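Notes for the one structure printed next.
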Amino acid sequence: MAITINIYYTGEKDNARKFAEEMIASGIVSDIRNEDGNLKYDYFFPMNDEETILLIDSWKDQNALDKHHASPMMDKIIKLREKYNLSMKVERYVSDEGGIPKQDEKFIKR
């Protein structure tokens, strides 16, 4: 059962964007994407909030996420988060293994 976590990082001015840029430039994002069980690790920018970025972070299962949280990678992330003085809002979603219900399919253009 895949787990997706939406993390909204918010900081003053463009600190959240600088954080994401440094995460990418330092190679941390690439290393996370290469961790066993990582399915997605991408940043997005909400149109209505210039001080926030959204990280969509998906993992194969809880075990893969637990291993990530226990890795030295987390110390690097925490240090950068502190450097840019970011606050976080977190949402957690678990995949529906049954797929998209038929009644919802009519709303999806493929």
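Residues are named by chain letter and number: chains run A, B, ... in the order of the structure tokens, numbers start at 1 in each chain, and ligands are numbered from 1 in the order shown.
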Checklist entry - Can you list, as a ChimeraX atom specification, every residue of range 24-101 of chain A that DSSP puts in alpha helix (DSSP H)? => result /A:24-25,28-33,62-70,73-83
Item to check | Spatial neighbours of Ala2 in chain A, 10 Å, only C-alpha atoms, chain gap at least 6 places, as a PyMOL selection string | outcome: chain A and resi 37-39+58-62+64-65+93-97
Mind dumping the selected residues with C-alpha atoms as a CSV table (one decimal), in the first residue's frame?
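The new file part.csv reads:
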chain,number,residue,atom,x,y,z
A,37,GLY,CA,11.0,2.2,-2.1
A,38,ASN,CA,10.8,5.9,-3.2
A,39,LEU,CA,8.1,6.4,-5.8
A,58,SER,CA,5.6,8.9,-2.1
A,59,TRP,CA,6.9,5.6,-0.8
A,60,LYS,CA,6.1,2.0,-1.6
A,61,ASP,CA,5.1,1.2,1.9
A,62,GLN,CA,5.5,2.2,5.6
A,64,ALA,CA,10.4,2.1,3.0
A,65,LEU,CA,9.3,5.4,4.7
A,93,TYR,CA,-2.5,9.7,2.1
A,94,VAL,CA,-2.6,5.9,1.7
A,95,SER,CA,-3.3,4.5,-1.8
A,96,ASP,CA,-6.5,2.8,-2.6
A,97,GLU,CA,-5.3,-0.5,-4.0
Item to check | All residues 8 Å or closer to range 4-12 of chain A, only C-alpha atoms, same chain fewer than 4 positions away omitted, as a ChimeraX atom specification | outcome: /A:16,51-59,84-95
Next on the checklist: Just the number, please: distance in Å from CA of Ser26 in chain A to CA of Lys83 in chain A, one decimal.
Outcome noted: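 Calculated distance between CA of Ser26 in chain A and CA of Lys83 in chain A is 14.1 Å.
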Every residue of chain A that DSSP places in strand (DSSP E or B), as a PDB file with N, CA and C atoms, in the first residue's frame:
ATOM      1  N   ILE A   3       2.237   5.057   0.188  1.00  0.00           N
ATOM      2  CA  ILE A   3       1.971   6.180   1.076  1.00  0.00           C
ATOM      3  C   ILE A   3       2.464   7.450   0.390  1.00  0.00           C
ATOM      4  N   THR A   4       1.610   8.451   0.340  1.00  0.00           N
ATOM      5  CA  THR A   4       1.994   9.747  -0.220  1.00  0.00           C
ATOM      6  C   THR A   4       1.864  10.794   0.867  1.00  0.00           C
ATOM      7  N   ILE A   5       2.897  11.619   0.972  1.00  0.00           N
ATOM      8  CA  ILE A   5       2.919  12.667   1.975  1.00  0.00           C
ATOM      9  C   ILE A   5       3.067  14.003   1.259  1.00  0.00           C
ATOM     10  N   ASN A   6       2.150  14.899   1.515  1.00  0.00           N
ATOM     11  CA  ASN A   6       2.253  16.266   1.012  1.00  0.00           C
ATOM     12  C   ASN A   6       2.799  17.120   2.141  1.00  0.00           C
ATOM     13  N   ILE A   7       3.941  17.747   1.883  1.00  0.00           N
ATOM     14  CA  ILE A   7       4.543  18.619   2.884  1.00  0.00           C
ATOM     15  C   ILE A   7       4.576  20.030   2.319  1.00  0.00           C
ATOM     16  N   TYR A   8       3.896  20.936   3.000  1.00  0.00           N
ATOM     17  CA  TYR A   8       3.897  22.346   2.630  1.00  0.00           C
ATOM     18  C   TYR A   8       4.951  23.040   3.488  1.00  0.00           C
ATOM     19  N   TYR A   9       6.031  23.473   2.864  1.00  0.00           N
ATOM     20  CA  TYR A   9       7.076  24.222   3.553  1.00  0.00           C
ATOM     21  C   TYR A   9       6.798  25.711   3.363  1.00  0.00           C
ATOM     22  N   THR A  10       6.778  26.453   4.462  1.00  0.00           N
ATOM     23  CA  THR A  10       6.515  27.885   4.389  1.00  0.00           C
ATOM     24  C   THR A  10       7.608  28.639   5.136  1.00  0.00           C
ATOM     25  N   ASN A  38      11.309   4.557  -2.833  1.00  0.00           N
ATOM     26  CA  ASN A  38      10.808   5.895  -3.163  1.00  0.00           C
ATOM     27  C   ASN A  38      10.113   5.861  -4.514  1.00  0.00           C
ATOM     28  N   LEU A  39       8.906   6.377  -4.575  1.00  0.00           N
ATOM     29  CA  LEU A  39       8.122   6.401  -5.806  1.00  0.00           C
ATOM     30  C   LEU A  39       8.070   7.787  -6.433  1.00  0.00           C
ATOM     31  N   LYS A  40       8.179   8.833  -5.598  1.00  0.00           N
ATOM     32  CA  LYS A  40       8.082  10.206  -6.111  1.00  0.00           C
ATOM     33  C   LYS A  40       8.648  11.150  -5.071  1.00  0.00           C
ATOM     34  N   TYR A  41       9.337  12.165  -5.554  1.00  0.00           N
ATOM     35  CA  TYR A  41       9.863  13.212  -4.684  1.00  0.00           C
ATOM     36  C   TYR A  41       9.970  14.462  -5.540  1.00  0.00           C
ATOM     37  N   ASP A  42       8.911  15.277  -5.567  1.00  0.00           N
ATOM     38  CA  ASP A  42       8.844  16.437  -6.453  1.00  0.00           C
ATOM     39  C   ASP A  42       8.295  17.651  -5.724  1.00  0.00           C
ATOM     40  N   TYR A  43       8.859  18.812  -6.059  1.00  0.00           N
ATOM     41  CA  TYR A  43       8.408  20.080  -5.502  1.00  0.00           C
ATOM     42  C   TYR A  43       7.472  20.790  -6.475  1.00  0.00           C
ATOM     43  N   PHE A  44       6.491  21.498  -5.909  1.00  0.00           N
ATOM     44  CA  PHE A  44       5.544  22.291  -6.683  1.00  0.00           C
ATOM     45  C   PHE A  44       5.344  23.615  -5.957  1.00  0.00           C
ATOM     46  N   THR A  52       5.343  29.581   0.017  1.00  0.00           N
ATOM     47  CA  THR A  52       5.186  28.155   0.289  1.00  0.00           C
ATOM     48  C   THR A  52       5.574  27.331  -0.928  1.00  0.00           C
ATOM     49  N   ILE A  53       6.171  26.169  -0.668  1.00  0.00           N
ATOM     50  CA  ILE A  53       6.361  25.155  -1.702  1.00  0.00           C
ATOM     51  C   ILE A  53       5.694  23.880  -1.208  1.00  0.00           C
ATOM     52  N   LEU A  54       5.310  23.037  -2.129  1.00  0.00           N
ATOM     53  CA  LEU A  54       4.688  21.759  -1.809  1.00  0.00           C
ATOM     54  C   LEU A  54       5.626  20.650  -2.254  1.00  0.00           C
ATOM     55  N   LEU A  55       5.939  19.751  -1.352  1.00  0.00           N
ATOM     56  CA  LEU A  55       6.681  18.536  -1.685  1.00  0.00           C
ATOM     57  C   LEU A  55       5.694  17.386  -1.709  1.00  0.00           C
ATOM     58  N   ILE A  56       5.649  16.667  -2.826  1.00  0.00           N
ATOM     59  CA  ILE A  56       4.873  15.431  -2.893  1.00  0.00           C
ATOM     60  C   ILE A  56       5.884  14.299  -2.832  1.00  0.00           C
ATOM     61  N   ASP A  57       5.790  13.519  -1.785  1.00  0.00           N
ATOM     62  CA  ASP A  57       6.767  12.490  -1.424  1.00  0.00           C
ATOM     63  C   ASP A  57       6.020  11.169  -1.286  1.00  0.00           C
ATOM     64  N   SER A  58       6.311  10.196  -2.164  1.00  0.00           N
ATOM     65  CA  SER A  58       5.581   8.921  -2.141  1.00  0.00           C
ATOM     66  C   SER A  58       6.543   7.762  -1.924  1.00  0.00           C
ATOM     67  N   TRP A  59       6.070   6.780  -1.168  1.00  0.00           N
ATOM     68  CA  TRP A  59       6.866   5.610  -0.817  1.00  0.00           C
ATOM     69  C   TRP A  59       6.057   4.337  -1.032  1.00  0.00           C
ATOM     70  N   SER A  87       8.479  26.435   8.409  1.00  0.00           N
ATOM     71  CA  SER A  87       7.455  25.688   9.131  1.00  0.00           C
ATOM     72  C   SER A  87       6.841  24.695   8.147  1.00  0.00           C
ATOM     73  N   MET A  88       6.137  23.705   8.685  1.00  0.00           N
ATOM     74  CA  MET A  88       5.598  22.641   7.840  1.00  0.00           C
ATOM     75  C   MET A  88       4.145  22.357   8.183  1.00  0.00           C
ATOM     76  N   LYS A  89       3.397  22.025   7.140  1.00  0.00           N
ATOM     77  CA  LYS A  89       2.059  21.451   7.285  1.00  0.00           C
ATOM     78  C   LYS A  89       2.123  20.129   6.525  1.00  0.00           C
ATOM     79  N   VAL A  90       1.678  19.043   7.139  1.00  0.00           N
ATOM     80  CA  VAL A  90       1.836  17.717   6.548  1.00  0.00           C
ATOM     81  C   VAL A  90       0.471  17.040   6.388  1.00  0.00           C
ATOM     82  N   GLU A  91       0.275  16.456   5.206  1.00  0.00           N
ATOM     83  CA  GLU A  91      -0.910  15.636   4.923  1.00  0.00           C
ATOM     84  C   GLU A  91      -0.413  14.265   4.484  1.00  0.00           C
ATOM     85  N   ARG A  92      -1.066  13.219   4.947  1.00  0.00           N
ATOM     86  CA  ARG A  92      -0.645  11.852   4.628  1.00  0.00           C
ATOM     87  C   ARG A  92      -1.806  11.103   3.980  1.00  0.00           C
ATOM     88  N   TYR A  93      -1.499  10.431   2.876  1.00  0.00           N
ATOM     89  CA  TYR A  93      -2.517   9.679   2.135  1.00  0.00           C
ATOM     90  C   TYR A  93      -2.024   8.256   1.882  1.00  0.00           C
ATOM     91  N   VAL A  94      -2.937   7.300   1.965  1.00  0.00           N
ATOM     92  CA  VAL A  94      -2.623   5.908   1.671  1.00  0.00           C
ATOM     93  C   VAL A  94      -3.379   5.535   0.411  1.00  0.00           C
TER      94      VAL A  94
END
Next on the checklist: For a quick check of understanding, using only C-alpha atoms, which of A:Lys102, A:Glu21, A:His68, A:Asn15 has the smallest distance to Arg33 in chain A?
Outcome noted: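 Smallest distance to Arg33 in chain A is found for A:His68.
Shortest atom-to-atom contact with Asp31 in chain A among A:Asp49, A:Met1, A:Phe19, A:Ser71: A:Ser71, counting only C-alpha atoms.
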Checklist entry - Distance CA of Ala70 in chain A-CA of Glu82 in chain A, one decimal place? => result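 Separation between CA of Ala70 in chain A and CA of Glu82 in chain A: 18.5 Å.
Proximity ranking of A:Ile32, A:Lys67, A:Arg81, A:Asp14 relative to Phe45 in chain A places A:Asp14 first, based on only C-alpha atoms.
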Next on the checklist: Give me the residues near Ile28 in chain A as a PyMOL selection string, where near means some atom within 9 Å (using only C-alpha atoms) and where sequence neighbours in that chain fewer than 5 positions away do not count.
Outcome noted: chain A and resi 22-23+33+73+76-77
